[in-house]
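A.B. asks: Coordinates in query_38.txt, compact mmCIF, C-alpha atoms and all ligand atoms, are listed below.
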```txt
# COMPACT_ATOMS: atom_id res chain seq x y z
CA MET A 1 82.78 45.10 117.65
CA ARG A 2 85.89 47.06 116.76
CA ASN A 3 84.80 48.03 113.26
CA ILE A 4 88.29 48.48 111.87
CA PRO A 5 88.37 49.39 108.17
CA ASP A 6 90.44 47.40 105.65
CA ILE A 7 93.09 50.12 105.45
CA VAL A 8 94.89 51.32 108.58
CA TRP A 9 98.15 53.18 109.23
CA VAL A 10 100.58 52.19 111.97
CA GLY A 11 103.56 54.47 112.58
CA GLY A 12 102.93 56.03 109.16
CA GLU A 13 102.90 52.64 107.41
CA ARG A 14 99.78 51.82 105.38
CA ILE A 15 98.43 48.29 105.91
CA ASP A 16 95.76 46.94 103.56
CA ARG A 17 93.84 43.91 104.79
CA ARG A 18 93.27 42.71 101.22
CA THR A 19 96.98 42.51 100.38
CA ASP A 20 98.42 41.89 103.86
CA PRO A 21 95.79 40.08 105.96
CA GLU A 22 98.36 38.83 108.47
CA GLY A 23 99.91 42.27 109.01
CA TRP A 24 96.44 43.76 109.38
CA THR A 25 95.36 41.14 111.94
CA ARG A 26 98.59 41.62 113.87
CA ALA A 27 98.01 45.37 113.97
CA VAL A 28 94.36 45.02 115.03
CA ARG A 29 95.26 42.62 117.84
CA ALA A 30 98.09 44.80 119.17
CA ASP A 31 97.63 47.35 121.95
CA ILE A 32 98.32 50.32 119.69
CA PRO A 33 96.31 53.16 118.14
CA LEU A 34 95.30 52.47 114.53
CA VAL A 35 94.90 55.42 112.21
CA THR A 36 91.76 54.80 110.16
CA GLN A 37 91.58 58.03 108.13
CA MET A 38 94.11 60.51 106.74
CA ASP A 39 93.54 64.12 105.68
CA ASP A 40 89.81 64.09 106.50
CA GLY A 41 89.39 61.35 103.87
CA ASP A 42 90.87 63.44 101.01
CA GLU A 43 93.18 61.74 98.52
CA GLY A 44 96.72 63.00 98.01
CA GLY A 45 96.99 65.15 101.16
CA ASP A 46 99.89 65.62 103.57
CA LEU A 47 99.06 62.33 105.34
CA ILE A 48 97.92 63.89 108.58
CA PRO A 49 95.96 61.40 110.72
CA THR A 50 92.35 62.56 111.18
CA SER A 51 90.52 59.54 112.62
CA SER A 52 91.61 56.45 114.52
CA ALA A 53 90.69 53.49 116.64
CA SER A 54 92.15 54.39 120.01
CA MET A 55 94.70 52.25 121.87
CA PRO A 56 92.74 49.61 123.85
CA SER A 57 94.65 49.98 127.15
CA LEU A 58 94.22 53.77 127.04
CA VAL A 59 90.48 53.45 126.36
CA ARG A 60 90.27 51.14 129.36
CA TYR A 61 92.11 53.68 131.54
CA MET A 62 89.84 56.46 130.32
CA LEU A 63 86.72 54.43 131.10
CA GLU A 64 88.09 53.74 134.61
CA GLN A 65 88.67 57.47 135.09
CA LEU A 66 85.07 58.18 134.06
CA ASP A 67 83.80 56.04 136.91
CA ALA A 68 80.54 55.31 135.10
CA ARG A 69 77.46 53.92 136.79
CA ARG A 70 75.01 51.74 134.93
CA ASP A 71 72.29 54.43 134.81
CA HIS A 72 74.53 57.32 133.74
CA ASP A 73 73.75 59.31 130.61
CA VAL A 74 76.97 59.91 128.73
CA LEU A 75 78.00 62.22 125.92
CA GLU A 76 80.93 61.06 123.80
CA LEU A 77 82.72 63.42 121.44
CA GLY A 78 84.58 61.93 118.47
CA THR A 79 82.75 58.69 117.61
CA GLY A 80 85.48 57.47 115.24
CA THR A 81 85.05 53.73 114.66
CA GLY A 82 82.34 53.64 117.34
CA TRP A 83 84.28 51.18 119.48
CA THR A 84 84.35 53.33 122.63
CA THR A 85 80.65 54.10 122.01
CA ALA A 86 79.96 50.35 121.92
CA LEU A 87 81.84 49.79 125.19
CA LEU A 88 79.85 52.58 126.84
CA ALA A 89 76.56 51.23 125.51
CA THR A 90 77.43 47.76 126.80
CA ALA A 91 78.24 49.06 130.29
CA LEU A 92 75.57 51.74 130.72
CA THR A 93 72.52 49.56 130.26
CA GLY A 94 70.27 51.91 132.25
CA GLY A 95 71.54 55.15 130.71
CA ILE A 96 71.62 56.77 127.30
CA VAL A 97 74.78 56.96 125.21
CA THR A 98 75.03 59.87 122.77
CA SER A 99 78.03 60.21 120.48
CA VAL A 100 78.93 63.10 118.16
CA GLU A 101 81.25 62.82 115.14
CA VAL A 102 82.11 65.69 112.80
CA ASP A 103 83.09 63.58 109.79
CA THR A 104 80.02 62.39 107.88
CA SER A 105 81.49 59.23 106.34
CA VAL A 106 83.16 58.18 109.62
CA ALA A 107 79.89 58.80 111.48
CA ILE A 108 77.80 56.83 109.00
CA ALA A 109 80.17 53.82 109.17
CA ALA A 110 80.07 53.91 112.99
CA ARG A 111 76.29 54.23 113.04
CA LYS A 112 75.98 51.15 110.83
CA ALA A 113 78.37 49.16 113.03
CA LEU A 114 76.50 50.15 116.21
CA THR A 115 73.10 49.02 114.93
CA GLY A 116 71.61 45.54 115.53
CA ARG A 117 73.82 44.70 118.51
CA SER A 118 72.93 43.23 121.89
CA TYR A 119 72.99 46.68 123.54
CA PRO A 120 70.56 49.58 123.03
CA VAL A 121 71.40 51.56 119.89
CA PRO A 122 73.36 54.67 120.94
CA THR A 123 72.26 58.06 119.62
CA THR A 124 74.81 58.98 116.96
CA VAL A 125 74.97 62.57 115.82
CA ILE A 126 76.82 64.12 112.86
CA GLY A 127 78.01 67.50 114.06
CA ASP A 128 80.61 69.55 115.88
CA GLY A 129 81.30 67.92 119.23
CA LEU A 130 82.70 71.21 120.53
CA GLU A 131 79.08 72.34 120.77
CA GLY A 132 78.12 69.27 122.80
CA TYR A 133 74.64 68.02 122.01
CA GLU A 134 71.96 70.09 123.71
CA PRO A 135 68.93 67.86 122.87
CA GLY A 136 70.39 65.00 124.97
CA ALA A 137 71.43 67.17 127.95
CA PRO A 138 71.96 67.06 130.87
CA TYR A 139 74.75 64.48 130.97
CA ASP A 140 76.27 62.66 133.93
CA LEU A 141 79.51 62.04 132.06
CA VAL A 142 81.27 63.62 129.10
CA LEU A 143 84.01 61.65 127.35
CA SER A 144 85.96 63.26 124.56
CA THR A 145 88.23 61.12 122.40
CA MET A 146 89.61 64.14 120.53
CA ALA A 147 92.12 66.53 122.03
CA VAL A 148 91.12 70.11 122.77
CA ARG A 149 93.23 73.20 123.37
CA HIS A 150 90.28 74.96 124.94
CA VAL A 151 87.51 73.11 126.82
CA PRO A 152 84.17 74.14 125.27
CA TYR A 153 81.95 75.70 127.93
CA ALA A 154 79.00 73.88 126.28
CA TRP A 155 80.30 70.63 127.83
CA VAL A 156 80.06 72.17 131.30
CA GLU A 157 76.71 73.80 130.63
CA GLN A 158 75.19 70.54 129.39
CA SER A 159 76.36 68.52 132.44
CA VAL A 160 74.80 67.98 135.86
CA PRO A 161 76.69 69.16 138.98
CA GLY A 162 79.12 66.40 139.93
CA ALA A 163 79.51 65.24 136.31
CA VAL A 164 82.95 64.13 135.16
CA ILE A 165 84.34 65.57 131.93
CA LEU A 166 87.31 63.59 130.66
CA THR A 167 89.22 64.88 127.67
CA PRO A 168 92.63 64.74 126.05
CA TRP A 169 94.00 68.28 126.30
CA GLY A 170 97.00 69.99 124.83
CA THR A 171 98.55 73.20 123.64
CA ALA A 172 100.20 74.02 120.33
CA TYR A 173 103.46 73.31 122.18
CA ASN A 174 102.63 69.97 123.80
CA ASN A 175 99.84 67.45 123.28
CA SER A 176 99.96 64.99 126.16
CA GLY A 177 97.41 65.80 128.85
CA LEU A 178 94.43 63.71 129.89
CA LEU A 179 92.23 66.14 131.81
CA ARG A 180 89.58 65.09 134.34
CA LEU A 181 87.21 67.89 135.31
CA VAL A 182 84.36 67.74 137.81
CA VAL A 183 81.42 70.09 137.28
CA ASP A 184 80.53 72.26 140.26
CA HIS A 185 77.15 73.70 141.34
CA ASP A 186 78.28 77.21 140.42
CA GLY A 187 78.59 76.45 136.69
CA THR A 188 82.37 76.00 136.71
CA ALA A 189 84.41 72.82 136.25
CA SER A 190 87.82 72.08 137.61
CA GLY A 191 90.26 69.20 137.88
CA ARG A 192 93.71 67.82 137.38
CA PHE A 193 95.50 66.02 134.60
CA VAL A 194 95.36 62.27 135.23
CA GLY A 195 97.78 60.93 132.68
CA ASN A 196 99.43 61.02 129.32
CA ALA A 197 97.23 60.93 126.22
CA ALA A 198 98.06 62.25 122.76
CA PHE A 199 94.89 62.30 120.67
CA MET A 200 94.25 64.11 117.41
CA TYR A 201 92.93 67.62 117.89
CA ALA A 202 89.31 68.53 117.33
CA ARG A 203 88.98 69.83 113.77
CA SER A 204 88.68 73.54 114.51
CA GLN A 205 91.35 73.42 117.24
CA ARG A 206 94.13 71.88 115.14
CA ARG A 207 97.57 73.43 115.29
CA ALA A 208 98.21 76.14 112.74
CA PHE A 209 101.33 74.62 111.17
CA ASP A 210 100.60 70.87 111.05
CA GLY A 211 101.39 69.64 107.55
CA ARG A 212 103.59 72.68 106.79
CA ARG A 213 107.35 72.72 106.78
CA PHE A 214 108.68 75.00 109.50
CA VAL A 215 111.79 75.93 107.54
CA GLY A 216 110.75 77.03 104.09
CA ASP A 217 106.97 77.44 104.54
CA VAL A 218 106.76 79.20 107.92
CA ILE A 219 110.30 80.52 108.38
CA THR A 220 111.40 82.01 105.08
CA ASP A 221 114.69 83.62 106.18
CA PRO A 222 116.34 81.26 108.69
CA ASP A 223 119.78 82.68 107.86
CA LYS A 224 118.86 86.22 108.84
CA GLY A 225 118.17 85.60 112.55
CA ARG A 226 119.65 87.26 115.62
CA LEU A 227 122.35 85.09 117.16
CA ARG A 228 123.18 84.42 120.80
CA HIS A 229 124.01 81.52 123.11
CA THR A 230 122.34 79.79 126.04
CA THR A 231 123.63 77.46 128.73
CA THR A 232 120.21 75.77 129.05
CA ASP A 233 120.42 72.33 127.45
CA PRO A 234 117.45 72.22 125.02
CA ARG A 235 117.08 68.46 125.55
CA ARG A 236 116.10 69.02 129.21
CA LEU A 237 113.15 71.14 128.07
CA ARG A 238 111.88 68.34 125.83
CA GLU A 239 111.51 65.85 128.68
CA GLU A 240 107.93 64.79 129.40
CA HIS A 241 106.98 66.98 132.38
CA PRO A 242 108.84 70.24 131.64
CA ASP A 243 107.64 70.04 128.04
CA PHE A 244 104.04 69.87 129.27
CA ALA A 245 104.50 72.68 131.82
CA ILE A 246 106.23 74.99 129.34
CA GLY A 247 103.24 74.47 127.03
CA LEU A 248 100.91 75.84 129.72
CA ALA A 249 102.93 79.07 129.82
CA VAL A 250 103.40 79.50 126.05
CA PRO A 251 100.36 77.66 124.61
CA ASP A 252 100.55 79.27 121.18
CA ILE A 253 104.15 78.33 120.29
CA GLU A 254 104.69 75.21 118.14
CA GLN A 255 107.93 73.23 118.26
CA ARG A 256 109.60 70.60 116.12
CA VAL A 257 112.89 68.75 116.58
CA PHE A 258 115.25 67.65 113.82
CA PHE A 259 117.94 65.09 114.58
CA GLY A 260 121.23 65.10 112.74
CA SER A 261 122.53 62.07 110.84
CA GLY A 262 125.85 60.96 109.36
CA PRO A 263 128.62 63.27 110.61
CA SER A 264 125.98 65.26 112.57
CA ALA A 265 124.60 62.18 114.37
CA GLY A 266 123.82 63.02 118.00
CA GLU A 267 123.12 66.67 117.21
CA SER A 268 119.66 68.17 117.15
CA THR A 269 117.96 71.45 116.38
CA THR A 270 114.67 72.45 117.96
CA TRP A 271 112.61 75.00 116.04
CA TYR A 272 109.88 77.15 117.54
CA VAL A 273 107.30 79.24 115.66
CA ASP A 274 104.24 81.34 116.44
CA GLY A 275 103.46 82.55 112.92
CA ARG A 276 105.35 85.87 113.15
CA SER A 277 108.43 85.00 115.21
CA TRP A 278 110.70 81.98 115.28
CA ALA A 279 113.68 80.60 117.16
CA SER A 280 116.01 77.64 116.82
CA VAL A 281 118.36 76.08 119.36
CA ASP A 282 121.17 73.74 118.36
CA HIS A 283 122.30 70.95 120.60
CA VAL A 284 125.78 69.51 120.09
CA PRO A 285 126.85 66.59 122.33
CA GLY A 286 129.39 67.56 124.98
CA ALA A 287 128.85 71.33 124.57
CA ASP A 288 127.90 73.51 127.54
CA SER A 289 126.70 76.45 125.49
CA PHE A 290 124.15 76.20 122.68
CA ARG A 291 123.54 78.47 119.72
CA VAL A 292 120.17 80.27 119.62
CA THR A 293 118.92 81.98 116.44
CA GLU A 294 115.78 84.11 116.47
CA GLY A 295 113.69 86.17 114.08
CA GLY A 296 110.58 88.33 114.39
CA PRO A 297 109.30 90.67 117.07
CA ARG A 298 108.93 88.13 119.86
CA ASP A 299 111.83 86.60 121.76
CA LEU A 300 110.44 83.05 121.73
CA TRP A 301 113.45 81.31 123.26
CA ASP A 302 113.51 83.80 126.13
CA GLU A 303 109.83 83.05 126.90
CA ILE A 304 110.39 79.29 126.69
CA GLU A 305 113.52 79.40 128.83
CA SER A 306 111.71 81.57 131.41
CA ALA A 307 108.81 79.10 131.52
CA TYR A 308 111.32 76.29 132.12
CA THR A 309 113.06 78.25 134.89
CA ALA A 310 109.66 78.99 136.50
CA TRP A 311 108.75 75.27 136.39
CA ARG A 312 112.05 74.40 138.07
CA GLY A 313 111.38 77.12 140.66
CA ARG A 314 108.01 75.50 141.43
CA GLY A 315 109.85 72.28 142.37
CA GLU A 316 109.63 70.57 138.96
CA PRO A 317 106.05 69.30 139.41
CA PRO A 318 104.85 66.50 137.11
CA ARG A 319 101.97 67.07 134.68
CA GLU A 320 99.58 65.44 137.18
CA GLN A 321 100.08 68.27 139.71
CA HIS A 322 98.58 70.67 137.18
CA GLY A 323 94.96 71.29 136.35
CA ILE A 324 92.46 73.50 134.57
CA THR A 325 89.48 75.52 135.79
CA VAL A 326 86.75 76.33 133.28
CA THR A 327 84.32 79.17 133.94
CA PRO A 328 81.72 80.85 131.69
CA ASP A 329 84.20 83.71 131.17
CA GLY A 330 87.40 81.80 130.43
CA GLN A 331 89.76 79.10 131.63
CA TRP A 332 93.12 78.96 133.29
CA ALA A 333 95.83 76.44 134.07
CA TRP A 334 97.15 76.02 137.60
CA HIS A 335 99.72 74.14 139.58
CA ASP A 336 98.55 72.54 142.81
CA GLY A 337 101.57 73.42 144.92
CA PRO A 338 102.25 73.40 148.65
CA HIS A 339 100.57 76.82 148.95
CA GLY A 340 97.47 75.93 146.96
CA ARG A 341 96.58 76.58 143.35
CA MET A 342 98.90 78.91 141.50
CA ALA A 343 98.18 80.10 137.96
CA CYS A 344 100.86 78.92 135.56
CA GLY A 345 99.52 80.00 132.21
CA PRO A 346 97.58 82.81 130.59
CA MET A 347 93.80 82.93 131.02
CA SER A 348 92.15 81.98 127.74
CA GLY A 349 88.74 83.25 126.72
C1 LIG A 401 90.73 59.44 118.09
S1 LIG A 401 89.38 59.43 117.02
C2 LIG A 401 88.10 58.70 118.00
C3 LIG A 401 88.32 57.26 118.38
C4 LIG A 401 87.07 56.55 118.78
N1 LIG A 401 86.52 57.00 120.03
C5 LIG A 401 87.27 55.03 118.79
O1 LIG A 401 87.04 54.38 119.80
O2 LIG A 401 87.60 54.50 117.75
C6 LIG A 401 88.88 61.14 117.04
C7 LIG A 401 87.63 61.41 116.24
O3 LIG A 401 87.20 62.74 116.52
C8 LIG A 401 86.60 63.25 115.36
N2 LIG A 401 86.49 64.71 115.47
C9 LIG A 401 87.44 65.65 115.22
N3 LIG A 401 86.94 66.87 115.47
C10 LIG A 401 85.66 66.70 115.89
C11 LIG A 401 84.64 67.59 116.29
N4 LIG A 401 84.83 68.91 116.32
N5 LIG A 401 83.45 67.06 116.66
C12 LIG A 401 83.24 65.71 116.65
N6 LIG A 401 84.17 64.83 116.24
C13 LIG A 401 85.37 65.32 115.88
C14 LIG A 401 87.51 62.76 114.24
O4 LIG A 401 86.86 62.80 113.00
C15 LIG A 401 87.83 61.36 114.73
O5 LIG A 401 86.95 60.41 114.19
```
As structure tokens, what does this structure read like?
C.D. replies:
Amino acid sequence: MRNIPDIVWVGGERIDRRTDPEGWTRAVRADIPLVTQMDDGDEGGDLIPTSSASMPSLVRYMLEQLDARRDHDVLELGTGTGWTTALLATALTGGIVTSVEVDTSVAIAARKALTGRSYPVPTTVIGDGLEGYEPGAPYDLVLSTMAVRHVPYAWVEQSVPGAVILTPWGTAYNNSGLLRLVVDHDGTASGRFVGNAAFMYARSQRRAFDGRRFVGDVITDPDKGRLRHTTTDPRRLREEHPDFAIGLAVPDIEQRVFFGSGPSAGESTTWYVDGRSWASVDHVPGADSFRVTEGGPRDLWDEIESAYTAWRGRGEPPREQHGITVTPDGQWAWHDGPHGRMACGPMSG
């Protein structure tokens, strides 16, 4: 049961089963994520993916990380097509599977697809998964298939001590963490990142500027910035692990890269915004100094460059040497270094 709708998007391309059955079948059989809804189902939007069938190999990895036992009760957040829910219900024959989906039409389609199967019918709930689902608590496992920027404390509160909470996690700057927390007896949860996963953000935790043009909509006076130069190559910062670590230090800054074409091929400009301030850094091949332009009260490039320097000073740890601790009062990111856990981001409430 994969319950894929007739229309899917792959790499932005729309594939309709009715007009391109072969293309659709090829896409469904491939080990790729399939976007199954754009713009929360609204017509004529900015074409921002809002629901999908996750990539099969990643779902498999996530289920391995959950380490489920047959009698575990599991809470899934982000039902989507219901495919992961079906896999959980097939495996956890002695436990109860509860799945929460915020989008009514997506949830209804999944509920229909999950009924009348060989496994017990999972409990499907239409609601905000960030609140967990108290009536089904306590849970032995919590699996989120939507990314969060802030782990809801409700997930910890509704879990038994020892429970695993697995969730895609990101910042406005970088969306690539798969976080595995273990709930402790003292009402906190803590754990490391265990891989690379870029899921769509939970509805109320989406980035502020998705679907908006940085230059034009967010930055209205790009020509009036303060000018200076840096010797830090902006491409180094965009590599997988520094990009993730910088995001921990400046979680509210969004970035976007534009690559030159024609006579500017090989060049790129990275733009950074926080809503009030902005910065851009130009990369030109072969140069050893790069132009920085900034506007607004905050010196965004300085903060980003400092976060990069700090990451290098910590020995350039990969994403998987970082983790998060969630308490009733807030949460913080840390680096598990040779001298123990060291905070590497602001505490968020
Ligand atoms: C990546 S898809 C889920 C994929 C799904 N597990 C599967 O196997 O097909 C993420 C889903 O999370 C849902 N979602 C977003 N925000 C949510 C929220 N606050 N609560 C519950 N579901 C949410 C989206 O509507 C979307 O269907």
A.B. asks: For a quick check of understanding, using only C-alpha atoms and all ligand atoms, which of A:Asp221, A:Glu101, A:Asp288, A:Glu157 has the smallest distance to ligand LIG 401 (chain A)?
C.D. replies: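 Using only C-alpha atoms and all ligand atoms, ligand LIG 401 (chain A) sits closest to A:Glu101.
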A.B. asks: List all protein, DNA and RNA residues that have at least one atom no more than 6 Å from any atom of ligand LIG 401 (chain A), counting only C-alpha atoms and all ligand atoms, and write them as a PyMOL selection string.
C.D. replies: chain A and resi 50-54+77-84+100-103+128-130+145-146+199-200+202-203
A.B. asks: Determine the nearest neighbour of Pro251 in chain A from the options A:Ser348, A:Thr188, A:Ser268, A:Thr293, counting all atoms listed in the file.
C.D. replies: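 Smallest separation from Pro251 in chain A among the options: A:Ser348.
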A.B. asks: Pick from A:Ala189, A:Ala279, A:Val35, A:Ile219: nearest to Gln331 in chain A, with only C-alpha atoms counted?
C.D. replies: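 When distances to Gln331 in chain A are compared using only C-alpha atoms, the smallest one comes from A:Ala189.
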A.B. asks: What lies within 12 Å of Asp299 in chain A using all atoms listed in the file, ignoring chain neighbours under 6 positions off, as a list in words?
C.D. replies: Gly225, Arg226, Leu227, Arg228, Val250, Ile253, Tyr272, Val273, Asp274, Arg276, Ser277, Trp278, Ala279, Ser280, Val292, Thr293, Glu305 and Ser306 of chain A
A.B. asks: Just the number, please: distance in Å from CA of Thr85 in chain A to CA of Arg192 in chain A, one decimal.
C.D. replies: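 That distance, rounded to one decimal, is 24.4 Å.
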A.B. asks: With distances taken over all atoms listed in the file, which of A:Asp223, A:Asp210, A:Asp20, A:Asp217 is nearest to Gly295 in chain A?
C.D. replies: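 Smallest separation from Gly295 in chain A among the options: A:Asp223.
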A.B. asks: Excluding same-chain residues fewer than 6 positions from range 61-63 of chain A, what lies within 10 Å of it counting only C-alpha atoms, as a count of residues only?
C.D. replies: 14
A.B. asks: Measure the distance from CA of Cys344 in chain A to CA of Ala249 in chain A in Å and round it to one decimal.
C.D. replies: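 Computed distance, CA of Cys344 in chain A to CA of Ala249 in chain A, equals 6.1 Å.
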A.B. asks: In Å, with one decimal, what is the gap from CA of Gly345 in chain A to CA of Gln255 in chain A?
C.D. replies: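 Answer for the CA of Gly345 in chain A to CA of Gln255 in chain A separation: 17.6 Å.
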A.B. asks: Set the distance at 12 Å and use only C-alpha atoms: which residues neighbour Ala30 in chain A once local chain neighbours fewer than 6 positions away are removed? I'd like the list as a count of residues only.
C.D. replies: 8
A.B. asks: With all atoms listed in the file as the counted atoms, please give the residues lying no more than 12 Å from Leu181 in chain A, apart from itself and same-chain residues fewer than 4 positions off, as JSON, numbers by chain.
C.D. replies: {"A": [65, 66, 141, 142, 143, 144, 151, 153, 155, 156, 159, 161, 162, 163, 164, 165, 166, 167, 168, 169, 188, 189, 190, 191, 192, 193, 194, 322, 323, 324, 325, 326, 327]}
A.B. asks: Could you turn the residues from that selection into a file that holds C-alpha atoms, as a tab-separated table (two decimals), keeping the file's coordinate frame?
C.D. replies:
```tsv
chain	number	residue	atom	x	y	z
A	65	GLN	CA	88.67	57.47	135.09
A	66	LEU	CA	85.07	58.18	134.06
A	141	LEU	CA	79.51	62.04	132.06
A	142	VAL	CA	81.27	63.62	129.10
A	143	LEU	CA	84.01	61.65	127.35
A	144	SER	CA	85.96	63.26	124.56
A	151	VAL	CA	87.51	73.11	126.82
A	153	TYR	CA	81.95	75.70	127.93
A	155	TRP	CA	80.30	70.63	127.83
A	156	VAL	CA	80.06	72.17	131.30
A	159	SER	CA	76.36	68.52	132.44
A	161	PRO	CA	76.69	69.16	138.98
A	162	GLY	CA	79.12	66.40	139.93
A	163	ALA	CA	79.51	65.24	136.31
A	164	VAL	CA	82.95	64.13	135.16
A	165	ILE	CA	84.34	65.57	131.93
A	166	LEU	CA	87.31	63.59	130.66
A	167	THR	CA	89.22	64.88	127.67
A	168	PRO	CA	92.63	64.74	126.05
A	169	TRP	CA	94.00	68.28	126.30
A	188	THR	CA	82.37	76.00	136.71
A	189	ALA	CA	84.41	72.82	136.25
A	190	SER	CA	87.82	72.08	137.61
A	191	GLY	CA	90.26	69.20	137.88
A	192	ARG	CA	93.71	67.82	137.38
A	193	PHE	CA	95.50	66.02	134.60
A	194	VAL	CA	95.36	62.27	135.23
A	322	HIS	CA	98.58	70.67	137.18
A	323	GLY	CA	94.96	71.29	136.35
A	324	ILE	CA	92.46	73.50	134.57
A	325	THR	CA	89.48	75.52	135.79
A	326	VAL	CA	86.75	76.33	133.28
A	327	THR	CA	84.32	79.17	133.94
```
A.B. asks: Residues within 8 Å of Val257 in chain A, please, as a list in words. Count all atoms listed in the file; anything in the same chain fewer than 4 positions from it doesn't count.
C.D. replies: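 Neighbouring residues, sequence-local ones excluded: Ser268, Thr269, Thr270 and Trp271 of chain A.
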A.B. asks: Could you check the closest approach to Val160 in chain A for each of A:Val281, A:Val74, A:Ala109, A:Ile48 and tell me which residue wins, using only C-alpha atoms?
C.D. replies: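 When distances to Val160 in chain A are compared using only C-alpha atoms, the smallest one comes from A:Val74.
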A.B. asks: Generate a file for range 165-182 of chain A, containing N, CA and C atoms, as a JSON list (two decimals), in the first residue's frame.
C.D. replies:
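Below is the file that was written, decode-v4.json:
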```json
[["chain", "number", "residue", "atom", "x", "y", "z"],
["A", 165, "ILE", "N", 12.54, 9.36, 20.28],
["A", 165, "ILE", "CA", 11.84, 10.36, 19.45],
["A", 165, "ILE", "C", 12.74, 10.62, 18.25],
["A", 166, "LEU", "N", 12.23, 10.30, 17.07],
["A", 166, "LEU", "CA", 13.04, 10.48, 15.86],
["A", 166, "LEU", "C", 12.36, 11.53, 14.99],
["A", 167, "THR", "N", 13.09, 12.58, 14.66],
["A", 167, "THR", "CA", 12.47, 13.63, 13.86],
["A", 167, "THR", "C", 13.47, 14.34, 12.95],
["A", 168, "PRO", "N", 13.06, 14.64, 11.72],
["A", 168, "PRO", "CA", 13.86, 15.56, 10.91],
["A", 168, "PRO", "C", 13.88, 16.91, 11.64],
["A", 169, "TRP", "N", 15.02, 17.56, 11.62],
["A", 169, "TRP", "CA", 15.20, 18.80, 12.40],
["A", 169, "TRP", "C", 16.05, 19.77, 11.59],
["A", 170, "GLY", "N", 15.68, 21.01, 11.62],
["A", 170, "GLY", "CA", 16.47, 21.99, 10.88],
["A", 170, "GLY", "C", 16.35, 23.37, 11.49],
["A", 171, "THR", "N", 17.04, 24.29, 10.86],
["A", 171, "THR", "CA", 16.96, 25.70, 11.25],
["A", 171, "THR", "C", 16.47, 26.45, 10.01],
["A", 172, "ALA", "N", 16.29, 27.76, 10.13],
["A", 172, "ALA", "CA", 15.95, 28.52, 8.93],
["A", 172, "ALA", "C", 17.12, 28.47, 7.96],
["A", 173, "TYR", "N", 18.33, 28.30, 8.50],
["A", 173, "TYR", "CA", 19.56, 28.33, 7.70],
["A", 173, "TYR", "C", 19.81, 27.01, 6.98],
["A", 174, "ASN", "N", 19.54, 25.90, 7.64],
["A", 174, "ASN", "CA", 19.89, 24.58, 7.10],
["A", 174, "ASN", "C", 18.85, 23.55, 7.52],
["A", 175, "ASN", "N", 18.38, 22.78, 6.57],
["A", 175, "ASN", "CA", 17.37, 21.76, 6.88],
["A", 175, "ASN", "C", 17.93, 20.39, 6.49],
["A", 176, "SER", "N", 18.71, 19.76, 7.38],
["A", 176, "SER", "CA", 19.31, 18.49, 6.97],
["A", 176, "SER", "C", 19.54, 17.51, 8.13],
["A", 177, "GLY", "N", 19.00, 17.79, 9.30],
["A", 177, "GLY", "CA", 19.31, 16.92, 10.43],
["A", 177, "GLY", "C", 18.24, 15.87, 10.66],
["A", 178, "LEU", "N", 18.67, 14.65, 10.97],
["A", 178, "LEU", "CA", 17.74, 13.64, 11.46],
["A", 178, "LEU", "C", 18.13, 13.43, 12.92],
["A", 179, "LEU", "N", 17.24, 13.82, 13.82],
["A", 179, "LEU", "CA", 17.56, 13.86, 15.25],
["A", 179, "LEU", "C", 16.95, 12.66, 15.96],
["A", 180, "ARG", "N", 17.78, 11.99, 16.80],
["A", 180, "ARG", "CA", 17.28, 10.83, 17.56],
["A", 180, "ARG", "C", 17.44, 11.14, 19.04],
["A", 181, "LEU", "N", 16.33, 11.41, 19.69],
["A", 181, "LEU", "CA", 16.35, 11.73, 21.12],
["A", 181, "LEU", "C", 15.91, 10.51, 21.93],
["A", 182, "VAL", "N", 16.44, 10.40, 23.15],
["A", 182, "VAL", "CA", 15.95, 9.37, 24.07],
["A", 182, "VAL", "C", 15.41, 10.09, 25.30]]
```
